[in-house]
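Participant: What follows is the file input10.cif, containing mmCIF, C-alpha atoms and all ligand atoms:
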data_work
loop_
_atom_site.label_atom_id
_atom_site.label_comp_id
_atom_site.auth_asym_id
_atom_site.auth_seq_id
_atom_site.Cartn_x
_atom_site.Cartn_y
_atom_site.Cartn_z
CA MET K 1 -71.37 53.58 -116.46
CA LEU K 2 -73.85 51.06 -117.82
CA TRP K 3 -71.86 48.18 -116.26
CA LEU K 4 -71.64 49.98 -112.92
CA ARG K 5 -75.42 50.50 -112.90
CA MET K 6 -76.03 46.84 -113.83
CA GLY K 7 -73.62 45.66 -111.12
CA LEU K 8 -75.44 47.67 -108.48
CA THR K 9 -78.92 46.72 -109.58
CA HIS K 10 -78.26 43.06 -110.52
CA PRO K 11 -75.56 41.85 -108.14
CA LYS K 12 -74.20 38.31 -108.48
CA LYS K 13 -75.36 36.12 -105.64
CA THR K 14 -72.42 34.47 -103.86
CA VAL K 15 -72.42 32.07 -100.95
CA SER K 16 -72.29 33.65 -97.52
CA SER K 17 -69.25 32.70 -95.48
CA LYS K 18 -71.02 33.61 -92.24
CA ALA K 19 -73.97 31.25 -92.24
CA PRO K 20 -75.01 27.94 -93.84
CA SER K 21 -76.34 28.58 -97.31
CA PRO K 22 -80.06 28.19 -97.88
CA LEU K 23 -79.24 26.77 -101.34
CA ASN K 24 -79.83 23.06 -101.74
CA GLY K 25 -77.12 20.65 -102.84
CA LEU K 26 -74.12 22.59 -101.58
CA SER K 27 -73.22 19.93 -99.03
CA PRO K 28 -73.93 16.18 -99.13
CA GLY K 29 -74.08 16.11 -95.33
CA ARG K 30 -72.60 13.26 -93.33
CA PRO K 31 -73.55 10.67 -90.70
CA ALA K 32 -73.79 11.96 -87.15
CA PRO K 33 -73.28 10.21 -83.80
CA THR K 34 -76.32 8.07 -82.98
CA PRO K 35 -77.35 5.74 -80.11
CA LEU K 36 -75.91 2.24 -80.50
CA LEU K 37 -77.22 0.23 -83.44
CA ASP K 38 -78.59 -3.32 -83.19
CA ALA K 39 -76.30 -4.70 -85.90
CA PRO K 40 -72.49 -4.83 -85.59
CA PRO K 41 -71.10 -1.70 -87.25
CA GLU K 42 -68.69 -3.66 -89.43
CA THR K 43 -71.67 -5.27 -91.19
CA ILE K 44 -73.04 -1.85 -92.14
CA CYS K 45 -70.08 0.35 -93.02
CA PRO K 46 -67.83 -0.77 -95.90
CA THR K 47 -64.90 1.37 -94.69
CA GLN K 48 -65.09 0.50 -90.98
CA ALA K 49 -65.78 4.13 -90.12
CA LEU K 50 -68.42 3.37 -87.48
CA LYS K 51 -67.12 2.84 -83.95
CA GLU K 52 -68.89 2.07 -80.68
CA HIS K 53 -68.04 4.66 -78.04
CA GLY K 54 -69.89 3.99 -74.78
CA ASN K 55 -73.57 4.21 -75.62
CA VAL K 56 -72.98 6.09 -78.82
CA MET K 57 -72.13 5.00 -82.34
CA THR K 58 -69.53 7.48 -83.54
CA VAL K 59 -68.08 8.13 -86.97
CA ASP K 60 -64.39 8.19 -87.87
CA TYR K 61 -64.60 10.91 -90.49
CA THR K 62 -61.10 10.16 -91.74
CA ARG K 63 -62.55 6.93 -93.14
CA CYS K 64 -66.12 7.85 -94.05
CA ILE K 65 -66.80 8.05 -97.80
CA HIS K 66 -70.36 9.45 -97.50
CA CYS K 67 -71.88 6.40 -99.18
CA ARG K 68 -75.07 6.80 -97.06
CA LEU K 69 -75.38 3.03 -96.54
CA CYS K 70 -75.64 3.56 -92.78
CA HIS K 71 -78.48 6.01 -93.33
CA GLN K 72 -80.45 3.67 -95.58
CA GLN K 73 -80.87 0.93 -92.97
CA PRO K 74 -84.01 -0.08 -91.05
CA ASP K 75 -84.80 2.20 -88.10
CA GLN K 76 -82.89 0.21 -85.44
CA ASN K 77 -79.70 0.30 -87.52
CA ARG K 78 -79.95 3.75 -89.07
CA MET K 79 -77.38 6.45 -88.44
CA SER K 80 -78.74 9.96 -88.33
CA TRP K 81 -77.55 12.39 -91.00
CA GLU K 82 -76.47 15.98 -90.44
CA GLU K 83 -76.31 18.87 -92.87
CA GLY K 84 -73.61 21.50 -92.69
CA TYR K 85 -70.08 21.91 -93.90
CA GLN K 86 -67.88 22.96 -90.97
CA TRP K 87 -65.87 19.76 -91.06
CA ALA K 88 -62.27 20.95 -90.89
CA GLN K 89 -60.08 20.07 -87.94
CA MET K 90 -57.07 22.25 -87.24
CA THR K 91 -54.18 20.83 -85.24
CA SER K 92 -51.74 23.76 -85.54
CA PRO K 93 -52.07 27.47 -84.80
CA ARG K 94 -53.61 29.62 -87.51
CA LEU K 95 -51.32 31.72 -89.70
CA PRO K 96 -50.18 35.16 -88.41
CA HIS K 97 -52.59 38.08 -88.70
CA SER K 98 -50.88 39.38 -91.85
CA PHE K 99 -52.44 36.44 -93.73
CA ARG K 100 -55.95 37.48 -92.73
CA HIS K 101 -56.71 38.90 -96.17
CA SER K 102 -54.11 37.19 -98.33
CA LEU K 103 -53.55 33.47 -98.73
CA HIS K 104 -51.83 31.66 -101.61
CA ILE K 105 -52.51 27.99 -102.11
CA ARG K 106 -50.56 25.38 -104.05
CA VAL K 107 -52.59 22.23 -104.81
CA VAL K 108 -50.81 18.92 -105.48
CA ASP K 109 -52.76 15.99 -106.89
CA ALA K 110 -51.22 12.94 -105.24
CA GLY K 111 -53.44 10.30 -106.81
CA ASP K 112 -56.82 12.05 -106.64
CA CYS K 113 -59.74 10.40 -108.44
CA GLY K 114 -60.68 13.83 -109.78
CA ALA K 115 -63.56 14.68 -107.47
CA CYS K 116 -61.60 16.41 -104.69
CA LEU K 117 -59.78 18.47 -107.32
CA ASN K 118 -63.06 19.37 -108.96
CA GLU K 119 -64.46 20.67 -105.66
CA LEU K 120 -61.35 22.81 -105.21
CA HIS K 121 -61.76 24.20 -108.72
CA GLN K 122 -65.36 25.15 -107.93
CA LEU K 123 -64.08 27.66 -105.37
CA ALA K 124 -62.92 29.98 -108.14
CA SER K 125 -66.40 30.07 -109.71
CA PRO K 126 -68.69 33.08 -109.16
CA VAL K 127 -70.84 31.01 -106.78
CA TYR K 128 -68.08 30.71 -104.19
CA SER K 129 -65.80 33.48 -105.41
CA LEU K 130 -62.88 32.74 -103.10
CA HIS K 131 -60.99 35.74 -104.49
CA ARG K 132 -63.26 38.09 -102.52
CA LEU K 133 -61.64 36.65 -99.38
CA GLY K 134 -58.10 37.29 -100.60
CA ILE K 135 -57.47 33.61 -101.39
CA ALA K 136 -55.74 32.61 -104.63
CA PHE K 137 -54.30 29.46 -106.18
CA THR K 138 -50.68 29.66 -107.23
CA PRO K 139 -48.88 27.36 -109.70
CA THR K 140 -45.62 27.30 -107.73
CA PRO K 141 -44.91 26.22 -104.15
CA ARG K 142 -42.33 29.02 -103.89
CA ASP K 143 -45.19 31.53 -103.72
CA ALA K 144 -47.47 29.38 -101.56
CA ASP K 145 -48.47 29.80 -97.91
CA VAL K 146 -50.54 26.63 -97.90
CA LEU K 147 -49.89 23.24 -99.48
CA VAL K 148 -53.11 21.38 -100.24
CA ILE K 149 -52.78 17.67 -100.95
CA THR K 150 -55.54 15.56 -102.47
CA GLY K 151 -55.50 11.83 -103.12
CA PRO K 152 -54.00 8.94 -101.13
CA ILE K 153 -50.36 9.82 -102.03
CA THR K 154 -49.07 7.19 -104.38
CA VAL K 155 -45.49 5.99 -104.11
CA SER K 156 -44.60 7.88 -107.28
CA MET K 157 -45.99 11.17 -105.87
CA LYS K 158 -44.32 10.97 -102.44
CA GLU K 159 -41.14 12.76 -103.53
CA ALA K 160 -43.07 15.46 -105.41
CA VAL K 161 -45.14 16.19 -102.31
CA GLN K 162 -42.01 16.44 -100.14
CA GLU K 163 -40.23 18.68 -102.65
CA ALA K 164 -43.21 21.02 -102.89
CA TYR K 165 -43.19 21.37 -99.10
CA GLN K 166 -39.44 22.04 -98.98
CA ALA K 167 -39.77 24.76 -101.65
CA MET K 168 -42.34 26.76 -99.68
CA PRO K 169 -41.33 29.79 -97.59
CA SER K 170 -42.18 29.91 -93.88
CA PRO K 171 -44.61 30.20 -92.24
CA LYS K 172 -46.39 27.45 -94.13
CA ARG K 173 -49.24 25.09 -93.51
CA VAL K 174 -50.22 21.68 -94.92
CA VAL K 175 -53.84 20.81 -95.55
CA ALA K 176 -55.03 17.24 -96.21
CA VAL K 177 -58.17 17.31 -98.34
CA GLY K 178 -60.43 14.28 -98.57
CA THR K 179 -60.68 10.83 -97.06
CA CYS K 180 -57.91 9.51 -99.32
CA ALA K 181 -55.34 12.00 -98.01
CA LEU K 182 -56.46 11.40 -94.42
CA SER K 183 -56.53 7.62 -94.33
CA GLY K 184 -56.05 6.21 -97.84
CA GLY K 185 -59.82 5.86 -98.12
CA LEU K 186 -60.93 3.12 -100.47
CA PHE K 187 -57.33 2.66 -101.61
CA ALA K 188 -55.82 2.24 -98.14
CA SER K 189 -54.72 -1.36 -98.71
CA SER K 190 -53.12 -0.72 -102.09
CA PHE K 191 -49.46 -1.67 -102.61
CA ALA K 192 -49.04 1.55 -104.60
CA LEU K 193 -49.58 3.93 -101.67
CA ALA K 194 -47.02 5.83 -99.60
CA GLY K 195 -49.74 7.70 -97.73
CA PRO K 196 -51.78 8.71 -95.85
CA LEU K 197 -50.35 12.21 -95.80
CA GLU K 198 -49.54 12.27 -92.08
CA LYS K 199 -46.86 9.62 -92.75
CA ILE K 200 -45.10 12.01 -95.12
CA LEU K 201 -45.62 15.60 -93.92
CA PRO K 202 -46.84 17.35 -90.75
CA VAL K 203 -50.55 17.95 -91.38
CA ASP K 204 -51.87 21.22 -89.92
CA LEU K 205 -55.47 21.00 -91.02
CA SER K 206 -57.67 18.12 -92.17
CA VAL K 207 -60.78 18.40 -94.30
CA PRO K 208 -62.67 15.10 -94.33
CA GLY K 209 -65.15 14.19 -97.04
CA CYS K 210 -65.22 12.15 -100.21
CA PRO K 211 -65.06 14.69 -101.63
CA PRO K 212 -65.46 17.61 -99.21
CA PRO K 213 -67.83 20.17 -100.72
CA PRO K 214 -66.50 23.62 -101.67
CA LEU K 215 -68.04 25.21 -98.59
CA ALA K 216 -66.09 22.83 -96.35
CA LEU K 217 -62.90 23.84 -98.14
CA LEU K 218 -63.71 27.52 -97.88
CA HIS K 219 -64.36 27.12 -94.17
CA ALA K 220 -61.01 25.34 -93.77
CA PHE K 221 -59.05 28.11 -95.46
CA GLN K 222 -60.82 30.69 -93.35
CA LEU K 223 -59.78 28.80 -90.23
CA LEU K 224 -56.16 29.02 -91.35
CA MET K 225 -56.55 32.76 -91.93
CA GLY K 226 -58.12 33.22 -88.51
CA ALA K 227 -61.39 34.44 -89.97
CA LYS K 228 -63.54 31.92 -88.10
CA SER K 229 -63.39 30.16 -84.77
CA GLU K 230 -62.98 26.44 -85.07
CA GLU K 231 -65.87 24.15 -84.37
CA MET K 232 -64.07 21.28 -82.70
CA ARG K 233 -64.99 17.76 -83.69
CA THR K 234 -63.11 14.61 -82.85
CA GLN K 235 -63.94 11.24 -84.33
CA GLY K 236 -67.62 12.09 -84.58
CA VAL K 237 -67.93 13.29 -80.96
CA ARG K 238 -68.55 17.01 -80.55
CA THR K 239 -66.55 18.58 -77.75
S1 LIG X 301 -71.72 7.02 -94.90
FE1 LIG X 301 -69.70 6.79 -93.93
S2 LIG X 301 -70.07 5.84 -91.93
FE2 LIG X 301 -71.94 5.56 -93.21
S3 LIG X 301 -71.66 3.53 -94.16
FE3 LIG X 301 -70.86 5.04 -95.62
S4 LIG X 301 -68.67 5.18 -95.14
FE4 LIG X 301 -69.65 4.17 -93.40
S1 LIG X 302 -61.36 11.36 -101.06
FE1 LIG X 302 -62.95 10.51 -102.41
S2 LIG X 302 -63.31 12.16 -103.90
FE2 LIG X 302 -61.33 12.62 -102.91
S3 LIG X 302 -59.74 11.65 -104.19
FE3 LIG X 302 -60.35 10.13 -102.65
S4 LIG X 302 -61.96 8.88 -103.63
FE4 LIG X 302 -61.74 10.79 -104.81
#
Show me, as structure tokens, the structure contained in the file I just sent.
Facilitator:
Amino acid sequence: MLWLRMGLTHPKKTVSSKAPSPLNGLSPGRPAPTPLLDAPPETICPTQALKEHGNVMTVDYTRCIHCRLCHQQPDQNRMSWEEGYQWAQMTSPRLPHSFRHSLHIRVVDAGDCGACLNELHQLASPVYSLHRLGIAFTPTPRDADVLVITGPITVSMKEAVQEAYQAMPSPKRVVAVGTCALSGGLFASSFALAGPLEKILPVDLSVPGCPPPPLALLHAFQLLMGAKSEEMRTQGVRT
């Protein structure tokens, strides 16, 4: 009875899934499309993520590592910076309605530096409390509805990633988490890579970021469950 009274009078504060959180530090933000810069983009961005598109400088979020270099330039060469976390892009239909309140996720580390995995682990903390949404991590792909891959997919992890996918029951979805899984990121030119993930498996949903913050991941899983409408973004241009 005492615990019930304490729970009602001192509830734990969790992050709202319906609106951006007023709490600071939950998202690093990212560069946003900006009028053309004076300097060539390749002299500003170390990962070649900035692209000229008509009169606009756009951002290829599959390459951006959120280093903020483009935001720390003099005025005429500065990219604007946007807050927010709704970064996921879905390329396949969401899961059937029966998954609306139940989603099991198998995570495979395919060469992650540790940061993407850490952000995923944060989801189980009381701050994000993903369990309230019916989402759970599972240790086996045989129980999983969603396969989440982090890291640039090293040659030695290619087979493990493919086997995990084969072991999953249908319907199933593949989620690429982080710049490494999407493009190889900083490791793209390494001889040790078999990735990016799209070369190995059909990717249904991409979550850019290096690493993507927990809210971006939560938003992505909710898209798969059909709990939110997708905010479409393509290569830095809102449509
Ligand atoms: S924040 Fe992204 S777009 Fe800007 S310089 Fe760094 S990698 Fe390039
Ligand atoms: S995307 Fe960035 S944070 Fe994630 S594994 Fe690659 S380097 Fe690490």
Participant: Throw together the list of residues within 9 Å of ligand LIG 302 (chain X), counting all atoms listed in the file, and drop it here as a count of residues only.
Facilitator: 31
Participant: Tell me which of K:Leu133, K:Pro31, K:Gly54, K:Leu37 sits closest to Phe99 in chain K, counting all atoms listed in the file.
Facilitator: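 Answer, going by the shortest atom-to-atom distance: K:Leu133.
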Participant: Would you write out, as CSV, a table of all residues in chain K that have an atom no more than 6 Å from an atom of ligand LIG 301 (chain X), listing for each the closest atom pair and the distance in Å to one decimal, considering all atoms listed in the file and ordering rows by chain and rising residue number?
Facilitator:
residue,atom,partner,partner_atom,distance
K:Pro31,CA,X:LIG301,S1,5.9
K:Ile44,CA,X:LIG301,S3,5.9
K:Cys45,CA,X:LIG301,S3,3.7
K:Pro46,CA,X:LIG301,FE4,5.8
K:Thr47,CA,X:LIG301,S4,5.4
K:Ala49,CA,X:LIG301,S2,5.0
K:Leu50,CA,X:LIG301,S2,5.4
K:Val59,CA,X:LIG301,S2,5.8
K:Cys64,CA,X:LIG301,FE1,3.7
K:Ile65,CA,X:LIG301,S4,4.3
K:His66,CA,X:LIG301,S1,3.8
K:Cys67,CA,X:LIG301,FE3,3.9
K:Arg68,CA,X:LIG301,S1,4.0
K:Leu69,CA,X:LIG301,S3,4.4
K:Cys70,CA,X:LIG301,S3,4.2
Participant: Which residue out of K:His53, K:His97, K:Lys199, K:Arg142 has the minimum interatomic distance to Glu163 in chain K when all atoms listed in the file are used?
Facilitator: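 Using all atoms listed in the file, Glu163 in chain K sits closest to K:Arg142.
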Participant: Can you write out as CSV which residues of range 141-222 of chain K fall within 12 Å of range 79-91 of chain K, alongside each residue's closest atom pair and its distance in Å to one decimal, counting all atoms listed in the file and ordering rows by chain and ascending residue number?
Facilitator:
residue,atom,partner,partner_atom,distance
K:Arg173,CA,K:Met90,CA,10.4
K:Val174,CA,K:Met90,CA,10.3
K:Val175,CA,K:Met90,CA,9.0
K:Ala176,CA,K:Ala88,CA,9.7
K:Val177,CA,K:Ala88,CA,9.2
K:Gly178,CA,K:Ala88,CA,10.3
K:Thr179,CA,K:Trp87,CA,11.9
K:Leu182,CA,K:Gln89,CA,11.4
K:Glu198,CA,K:Thr91,CA,11.9
K:Pro202,CA,K:Thr91,CA,9.8
K:Val203,CA,K:Thr91,CA,7.7
K:Asp204,CA,K:Thr91,CA,5.2
K:Leu205,CA,K:Met90,CA,4.3
K:Ser206,CA,K:Gln89,CA,5.2
K:Val207,CA,K:Ala88,CA,4.5
K:Pro208,CA,K:Trp87,CA,6.5
K:Gly209,CA,K:Trp87,CA,8.2
K:Cys210,CA,K:Trp87,CA,11.9
K:Pro211,CA,K:Tyr85,CA,11.7
K:Pro212,CA,K:Tyr85,CA,8.2
K:Pro213,CA,K:Tyr85,CA,7.4
K:Pro214,CA,K:Tyr85,CA,8.7
K:Leu215,CA,K:Tyr85,CA,6.1
K:Ala216,CA,K:Tyr85,CA,4.8
K:Leu217,CA,K:Ala88,CA,7.8
K:Leu218,CA,K:Gln86,CA,9.3
K:His219,CA,K:Gln86,CA,6.3
K:Ala220,CA,K:Ala88,CA,5.4
K:Phe221,CA,K:Ala88,CA,9.1
K:Gln222,CA,K:Ala88,CA,10.1
Participant: Env of range 154-162 of chain K: 8 Å cut, atoms = only C-alpha atoms, seq-sep filter 4 positions within chain, self excluded. Answer as a list in words.
Facilitator: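 Counting only C-alpha atoms, the residues come to Val108, Ala110, Gly111, Ile149, Gln166, Ala192, Leu193, Ala194, Gly195, Ile200 and Leu201 of chain K.
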Participant: Quote the spacing between CA of Tyr165 in chain K and CA of Ala227 in chain K in Å to one decimal place.
Facilitator: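 Value for the CA of Tyr165 in chain K-CA of Ala227 in chain K distance: 24.2 Å.
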Participant: Show which residues sit within 7 Å of Ala136 in chain K, as a PyMOL selection string. Count only C-alpha atoms, and ignore same-chain residues fewer than 2 positions away.
Facilitator: chain K and resi 103-105+131+134+138
Participant: Give me, please, the distance in Å between CA of Val127 in chain K and CA of Ser27 in chain K, quoted to one decimal.
Facilitator: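 Spanning CA of Val127 in chain K to CA of Ser27 in chain K is a straight-line distance of 13.7 Å.
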Participant: Can you pull out every residue within 10 Å of Met168 in chain K, counting only C-alpha atoms, but drop anything in the same chain fewer than 5 positions away, and send it as a tab-separated table (two decimals) with C-alpha atoms, keeping the file's coordinate frame?
Facilitator:
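result20.tsv, freshly written:
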chain	number	residue	atom	x	y	z
K	106	ARG	CA	-50.56	25.38	-104.05
K	140	THR	CA	-45.62	27.30	-107.73
K	141	PRO	CA	-44.91	26.22	-104.15
K	142	ARG	CA	-42.33	29.02	-103.89
K	143	ASP	CA	-45.19	31.53	-103.72
K	144	ALA	CA	-47.47	29.38	-101.56
K	145	ASP	CA	-48.47	29.80	-97.91
K	146	VAL	CA	-50.54	26.63	-97.90
K	147	LEU	CA	-49.89	23.24	-99.48
K	163	GLU	CA	-40.23	18.68	-102.65
K	173	ARG	CA	-49.24	25.09	-93.51
Participant: What does the distance from CA of Lys51 in chain K to CA of Ala32 in chain K come to in Å, to one decimal?
Facilitator: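 So the two atoms, CA of Lys51 in chain K and CA of Ala32 in chain K, lie 11.7 Å apart.
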